[in-house]
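Read the structure below first, then the notes.
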Amino acid sequence: MADATLRVFRGDREGGKAVDYQVPVTEGMVVLDAIHSIQAHQAPDLAVRWNCKAAKCGSCSAEVNGKPRLMCKTRMDALPLEQPITVSPMKAFPVIRDLVTDVSWNYKVNKKIPPFQPRPGVKWKMEQRDVDRVQEFRKCIECFLCQDVCHVLRDHDKKEQFGGPRFFVRVAALEMHPLDGLDRTRLLKEELGIGLCNITKCCTEVCPEEIHITDNAIIPLKERVVDEFYDPVTMIV
């Protein structure tokens, strides 16, 4: 296969620029392989976060040709090699250096969510359909691509008012668990700002685990918030 041009962001939170690198493309190569080739032969100081290289750790998140992706899951032969392939850090989070971003804000949001709390005296027995419903949400690898693509965080920087898709998925896993005894709808409304989501499904489109974030997590949670705080019948009662 022909060589490819990777246009990689180099810099830090003070600023930076895109630098072109020529990389020989081999069969089965992914973008992370190309980045490692650049590190090995052209720019040993290029900073990139990665771990498993199997699309299960969520570490190598970046933007390839402007779309949030896992670099280890993005095949070079699926990209147009006749033009430069842009590789840049996630836009929604502050740059630390090169392709590495500071995602620590996500862990602060996570601390706001009360953990699983079983109802007193409940029997630990579940139907398979209840297991299946919450199991989908457990597949999340915390790559934060859904957070990166979400316009509320990416374009409007509403981090103080909005939790983001990843944490709506976590709340859904708790709220829809038949043995959990806590009500997190007020948290969703007042602290995680679920009302700011306009269900464009962009988060679902970038999820490497193919979690139906919008349909199975966000919309049902929105319905719970509406039922509790805006249903006129409930308000009268």
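Chain labels follow the order of the structure tokens: the first chain is A, the next B, and so on; residue numbering restarts at 1 in every chain, and ligands are counted from 1 in their shown order.
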- Message: as a list of chain:residue names, please: the residues near A:Arg10 (cut-off 12 Å, only C-alpha atoms, same-chain neighbours under 6 positions excluded).
- Response: A:Gly16, A:Lys17, A:Ala18, A:Val19, A:Asp20, A:Tyr21, A:Ala43, A:Asp45, A:Leu46, A:Ala47, A:Val48, A:Thr86, A:Val87, A:Ser88, A:Pro89, A:Val95, A:Ile96, A:Arg97, A:Asp98, A:Leu99, A:Val100
May I have the residues from that selection written out with C-alpha atoms, as a CSV table (one decimal), in the first residue's frame?
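Printed below is part_18.csv as written:
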```csv
chain,number,residue,atom,x,y,z
A,16,GLY,CA,0.1,24.3,18.9
A,17,LYS,CA,0.0,23.5,15.2
A,18,ALA,CA,-0.6,20.5,12.9
A,19,VAL,CA,2.5,18.8,11.6
A,20,ASP,CA,2.6,16.4,8.6
A,21,TYR,CA,4.3,13.0,8.8
A,43,ALA,CA,8.9,12.2,16.6
A,45,ASP,CA,8.4,13.0,21.9
A,46,LEU,CA,4.9,12.7,20.4
A,47,ALA,CA,2.5,12.3,23.4
A,48,VAL,CA,-0.4,9.8,23.0
A,86,THR,CA,-5.9,14.7,10.5
A,87,VAL,CA,-5.4,13.4,14.0
A,88,SER,CA,-6.2,15.8,16.9
A,89,PRO,CA,-7.0,15.6,20.6
A,95,VAL,CA,-5.1,19.6,26.0
A,96,ILE,CA,-2.3,18.4,28.1
A,97,ARG,CA,0.1,17.7,25.3
A,98,ASP,CA,-0.2,16.7,21.7
A,99,LEU,CA,-3.0,14.0,21.6
A,100,VAL,CA,-3.4,13.7,25.4
```
- Item | Shell of 6 Å around stretch 138-150 of chain A, only C-alpha atoms, local chain residues under 4 positions omitted, as a PyMOL selection string | chain A and resi 57-58+68+92+154+164+203
- Item | Nearby residues (only C-alpha atoms) at most 12 Å from A:Glu228, same-chain spacing under 2 positions excluded, as a VMD selection string | chain A and resid 183 to 186 188 to 189 221 to 226 230 to 237
Could you please take those selected residues and save N, CA and C atoms as a PDB file, in the first residue's frame?
```
ATOM      1  N   ASP A 183     -33.765   7.147  44.307  1.00  0.00           N
ATOM      2  CA  ASP A 183     -34.373   7.921  43.228  1.00  0.00           C
ATOM      3  C   ASP A 183     -33.392   9.035  42.853  1.00  0.00           C
ATOM      4  N   ARG A 184     -32.907   9.008  41.620  1.00  0.00           N
ATOM      5  CA  ARG A 184     -31.904   9.979  41.166  1.00  0.00           C
ATOM      6  C   ARG A 184     -32.465  10.980  40.158  1.00  0.00           C
ATOM      7  N   THR A 185     -33.790  11.087  40.086  1.00  0.00           N
ATOM      8  CA  THR A 185     -34.387  11.983  39.090  1.00  0.00           C
ATOM      9  C   THR A 185     -34.098  13.453  39.401  1.00  0.00           C
ATOM     10  N   ARG A 186     -34.089  13.825  40.664  1.00  0.00           N
ATOM     11  CA  ARG A 186     -33.774  15.219  41.012  1.00  0.00           C
ATOM     12  C   ARG A 186     -32.319  15.543  40.646  1.00  0.00           C
ATOM     13  N   LEU A 188     -30.672  14.175  38.182  1.00  0.00           N
ATOM     14  CA  LEU A 188     -30.671  14.310  36.729  1.00  0.00           C
ATOM     15  C   LEU A 188     -31.145  15.694  36.300  1.00  0.00           C
ATOM     16  N   LYS A 189     -32.171  16.184  36.954  1.00  0.00           N
ATOM     17  CA  LYS A 189     -32.764  17.471  36.577  1.00  0.00           C
ATOM     18  C   LYS A 189     -31.921  18.658  37.031  1.00  0.00           C
ATOM     19  N   LEU A 221     -34.732   8.207  30.821  1.00  0.00           N
ATOM     20  CA  LEU A 221     -34.450   9.056  31.987  1.00  0.00           C
ATOM     21  C   LEU A 221     -35.171  10.395  31.875  1.00  0.00           C
ATOM     22  N   LYS A 222     -35.214  10.961  30.681  1.00  0.00           N
ATOM     23  CA  LYS A 222     -35.975  12.194  30.467  1.00  0.00           C
ATOM     24  C   LYS A 222     -37.448  11.988  30.812  1.00  0.00           C
ATOM     25  N   GLU A 223     -37.982  10.844  30.424  1.00  0.00           N
ATOM     26  CA  GLU A 223     -39.388  10.556  30.718  1.00  0.00           C
ATOM     27  C   GLU A 223     -39.631  10.476  32.219  1.00  0.00           C
ATOM     28  N   ARG A 224     -38.679   9.914  32.953  1.00  0.00           N
ATOM     29  CA  ARG A 224     -38.824   9.833  34.408  1.00  0.00           C
ATOM     30  C   ARG A 224     -38.807  11.222  35.046  1.00  0.00           C
ATOM     31  N   VAL A 225     -37.926  12.091  34.538  1.00  0.00           N
ATOM     32  CA  VAL A 225     -37.863  13.451  35.061  1.00  0.00           C
ATOM     33  C   VAL A 225     -39.162  14.197  34.764  1.00  0.00           C
ATOM     34  N   VAL A 226     -39.682  14.059  33.558  1.00  0.00           N
ATOM     35  CA  VAL A 226     -40.939  14.712  33.181  1.00  0.00           C
ATOM     36  C   VAL A 226     -42.083  14.204  34.039  1.00  0.00           C
ATOM     37  N   TYR A 230     -42.998  17.434  35.932  1.00  0.00           N
ATOM     38  CA  TYR A 230     -43.789  18.246  35.005  1.00  0.00           C
ATOM     39  C   TYR A 230     -45.146  17.651  34.643  1.00  0.00           C
ATOM     40  N   ASP A 231     -45.442  16.436  35.100  1.00  0.00           N
ATOM     41  CA  ASP A 231     -46.742  15.833  34.797  1.00  0.00           C
ATOM     42  C   ASP A 231     -47.833  16.571  35.577  1.00  0.00           C
ATOM     43  N   PRO A 232     -48.787  17.220  34.879  1.00  0.00           N
ATOM     44  CA  PRO A 232     -49.811  18.009  35.584  1.00  0.00           C
ATOM     45  C   PRO A 232     -50.659  17.169  36.541  1.00  0.00           C
ATOM     46  N   VAL A 233     -50.926  15.916  36.175  1.00  0.00           N
ATOM     47  CA  VAL A 233     -51.728  15.061  37.052  1.00  0.00           C
ATOM     48  C   VAL A 233     -50.978  14.800  38.364  1.00  0.00           C
ATOM     49  N   THR A 234     -49.682  14.481  38.215  1.00  0.00           N
ATOM     50  CA  THR A 234     -48.857  14.234  39.400  1.00  0.00           C
ATOM     51  C   THR A 234     -48.765  15.485  40.262  1.00  0.00           C
ATOM     52  N   MET A 235     -48.643  16.654  39.625  1.00  0.00           N
ATOM     53  CA  MET A 235     -48.545  17.899  40.380  1.00  0.00           C
ATOM     54  C   MET A 235     -49.818  18.172  41.173  1.00  0.00           C
ATOM     55  N   ILE A 236     -50.980  17.856  40.588  1.00  0.00           N
ATOM     56  CA  ILE A 236     -52.242  18.083  41.278  1.00  0.00           C
ATOM     57  C   ILE A 236     -52.374  17.120  42.461  1.00  0.00           C
ATOM     58  N   VAL A 237     -52.043  15.855  42.234  1.00  0.00           N
ATOM     59  CA  VAL A 237     -52.120  14.864  43.292  1.00  0.00           C
ATOM     60  C   VAL A 237     -51.167  15.195  44.440  1.00  0.00           C
TER      61      VAL A 237
END
```
- In stretch 98-170 of chain A, DSSP alpha helix (DSSP H) residues written as a PyMOL selection string: chain A and resi 104-111+128-135+145-149+151-154+165-170
Go ahead and save the residues from that selection, with N, CA, C and O atoms, as a tab-separated table (two decimals), in the first residue's frame.
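Okay, this is what ended up in selection_14.tsv:
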```tsv
chain	number	residue	atom	x	y	z
A	104	SER	N	-10.12	14.62	33.59
A	104	SER	CA	-10.39	14.47	35.02
A	104	SER	C	-11.75	15.03	35.42
A	104	SER	O	-12.32	14.60	36.43
A	105	TRP	N	-12.29	15.98	34.65
A	105	TRP	CA	-13.61	16.52	34.95
A	105	TRP	C	-14.65	15.41	35.02
A	105	TRP	O	-15.58	15.45	35.84
A	106	ASN	N	-14.51	14.40	34.18
A	106	ASN	CA	-15.48	13.30	34.16
A	106	ASN	C	-15.54	12.58	35.50
A	106	ASN	O	-16.63	12.15	35.93
A	107	TYR	N	-14.42	12.45	36.16
A	107	TYR	CA	-14.41	11.73	37.43
A	107	TYR	C	-15.05	12.57	38.54
A	107	TYR	O	-15.59	12.02	39.51
A	108	LYS	N	-15.02	13.88	38.38
A	108	LYS	CA	-15.72	14.75	39.34
A	108	LYS	C	-17.23	14.59	39.19
A	108	LYS	O	-17.96	14.57	40.18
A	109	VAL	N	-17.69	14.47	37.96
A	109	VAL	CA	-19.12	14.24	37.73
A	109	VAL	C	-19.52	12.89	38.31
A	109	VAL	O	-20.58	12.75	38.94
A	110	ASN	N	-18.69	11.90	38.12
A	110	ASN	CA	-18.99	10.55	38.59
A	110	ASN	C	-19.23	10.52	40.09
A	110	ASN	O	-20.07	9.75	40.60
A	111	LYS	N	-18.49	11.36	40.83
A	111	LYS	CA	-18.63	11.39	42.29
A	111	LYS	C	-19.98	11.93	42.74
A	111	LYS	O	-20.40	11.71	43.88
A	128	GLN	N	-34.42	-12.44	33.71
A	128	GLN	CA	-33.39	-12.27	32.70
A	128	GLN	C	-33.58	-10.98	31.92
A	128	GLN	O	-32.61	-10.32	31.55
A	129	ARG	N	-34.81	-10.57	31.65
A	129	ARG	CA	-35.04	-9.34	30.88
A	129	ARG	C	-34.55	-8.11	31.64
A	129	ARG	O	-34.11	-7.13	31.04
A	130	ASP	N	-34.62	-8.17	32.97
A	130	ASP	CA	-34.10	-7.06	33.78
A	130	ASP	C	-32.58	-7.04	33.75
A	130	ASP	O	-31.96	-5.97	33.74
A	131	VAL	N	-31.97	-8.21	33.73
A	131	VAL	CA	-30.52	-8.31	33.62
A	131	VAL	C	-30.06	-7.74	32.28
A	131	VAL	O	-29.13	-6.95	32.19
A	132	ASP	N	-30.75	-8.17	31.22
A	132	ASP	CA	-30.39	-7.72	29.87
A	132	ASP	C	-30.51	-6.21	29.72
A	132	ASP	O	-29.71	-5.58	29.02
A	133	ARG	N	-31.50	-5.64	30.36
A	133	ARG	CA	-31.75	-4.20	30.21
A	133	ARG	C	-30.58	-3.37	30.73
A	133	ARG	O	-30.17	-2.41	30.10
A	134	VAL	N	-30.05	-3.72	31.89
A	134	VAL	CA	-28.97	-2.93	32.47
A	134	VAL	C	-27.59	-3.39	32.01
A	134	VAL	O	-26.62	-2.64	32.12
A	135	GLN	N	-27.51	-4.62	31.48
A	135	GLN	CA	-26.21	-5.14	31.07
A	135	GLN	C	-25.60	-4.32	29.94
A	135	GLN	O	-24.37	-4.16	29.86
A	145	LEU	N	-15.76	9.33	24.25
A	145	LEU	CA	-16.06	9.83	22.91
A	145	LEU	C	-17.45	10.45	22.87
A	145	LEU	O	-17.68	11.44	22.17
A	146	CYS	N	-18.39	9.86	23.60
A	146	CYS	CA	-19.75	10.42	23.63
A	146	CYS	C	-19.74	11.79	24.29
A	146	CYS	O	-20.48	12.69	23.88
A	147	GLN	N	-18.89	11.97	25.30
A	147	GLN	CA	-18.76	13.28	25.93
A	147	GLN	C	-18.16	14.29	24.95
A	147	GLN	O	-18.56	15.45	24.89
A	148	ASP	N	-17.19	13.82	24.18
A	148	ASP	CA	-16.48	14.71	23.26
A	148	ASP	C	-17.38	15.18	22.13
A	148	ASP	O	-17.31	16.33	21.71
A	149	VAL	N	-18.24	14.31	21.63
A	149	VAL	CA	-19.07	14.68	20.49
A	149	VAL	C	-20.31	15.47	20.90
A	149	VAL	O	-20.93	16.15	20.07
A	151	HIS	N	-22.70	18.22	21.78
A	151	HIS	CA	-22.57	19.66	21.51
A	151	HIS	C	-22.68	20.51	22.77
A	151	HIS	O	-22.15	21.62	22.84
A	152	VAL	N	-23.38	20.00	23.80
A	152	VAL	CA	-23.53	20.75	25.04
A	152	VAL	C	-22.16	20.95	25.70
A	152	VAL	O	-21.88	22.01	26.28
A	153	LEU	N	-21.30	19.95	25.61
A	153	LEU	CA	-19.96	20.03	26.17
A	153	LEU	C	-18.96	20.55	25.15
A	153	LEU	O	-18.11	21.38	25.46
A	154	ARG	N	-19.07	20.07	23.91
A	154	ARG	CA	-18.09	20.38	22.88
A	154	ARG	C	-18.18	21.84	22.40
A	154	ARG	O	-17.17	22.53	22.27
A	165	PRO	N	-23.50	12.33	28.23
A	165	PRO	CA	-24.05	11.01	27.91
A	165	PRO	C	-23.47	9.86	28.72
A	165	PRO	O	-24.20	8.95	29.11
A	166	ARG	N	-22.14	9.90	28.96
A	166	ARG	CA	-21.54	8.77	29.68
A	166	ARG	C	-22.21	8.60	31.05
A	166	ARG	O	-22.44	7.47	31.52
A	167	PHE	N	-22.53	9.70	31.72
A	167	PHE	CA	-23.06	9.60	33.08
A	167	PHE	C	-24.57	9.44	33.10
A	167	PHE	O	-25.13	8.97	34.09
A	168	PHE	N	-25.23	9.75	32.01
A	168	PHE	CA	-26.63	9.36	31.89
A	168	PHE	C	-26.71	7.85	31.73
A	168	PHE	O	-27.64	7.21	32.24
A	169	VAL	N	-25.74	7.27	31.05
A	169	VAL	CA	-25.67	5.82	30.93
A	169	VAL	C	-25.45	5.19	32.31
A	169	VAL	O	-26.09	4.19	32.66
A	170	ARG	N	-24.58	5.79	33.11
A	170	ARG	CA	-24.33	5.22	34.45
A	170	ARG	C	-25.57	5.33	35.32
A	170	ARG	O	-25.93	4.39	36.04
```
- Item | Exercise: A:Thr214 partners within 8 Å, only C-alpha atoms, chain neighbours under 5 positions left out, as a VMD selection string | chain A and resid 199 201 203 to 204 219
- Pick from A:Lys112, A:Arg75, A:Lys158, A:Lys91: nearest to A:Glu63, with only C-alpha atoms counted? A:Lys91
- Message: Between atom CA of A:Pro84 and atom CA of A:Val103, what is the distance in Å, rounded to a tenth?
- Response: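 Between atom CA of A:Pro84 and atom CA of A:Val103 the gap is 27.3 Å.
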- Query: Between A:Ile113, A:Leu179, A:Pro208, A:Glu27, which is the closest to A:Gly163 once you count only C-alpha atoms?
  - Reply: A:Ile113
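Here atom CA of A:Lys53 is placed at a distance of 21.0 Å from atom CA of A:Glu205.
Among the candidate residues A:Glu82, A:Glu136, A:Asp77, A:Glu14, the one lying nearest to A:Met176 is A:Glu136, with distances computed using only C-alpha atoms.
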- Quote the spacing between atom CA of A:Lys73 and atom CA of A:Asp33 in Å to one decimal place. 10.3 Å
- Taking only C-alpha atoms into account, which of A:Lys56, A:Ala78, A:Thr101, A:Leu182 comes nearest A:Pro118?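 Of A:Lys56, A:Ala78, A:Thr101, A:Leu182, the one nearest A:Pro118 is A:Leu182, counting only C-alpha atoms.
Between A:Phe137 and the candidates A:Leu196, A:Val122, A:Ala173, A:Leu32, the tightest atom-to-atom separation, counting only C-alpha atoms, involves A:Ala173.
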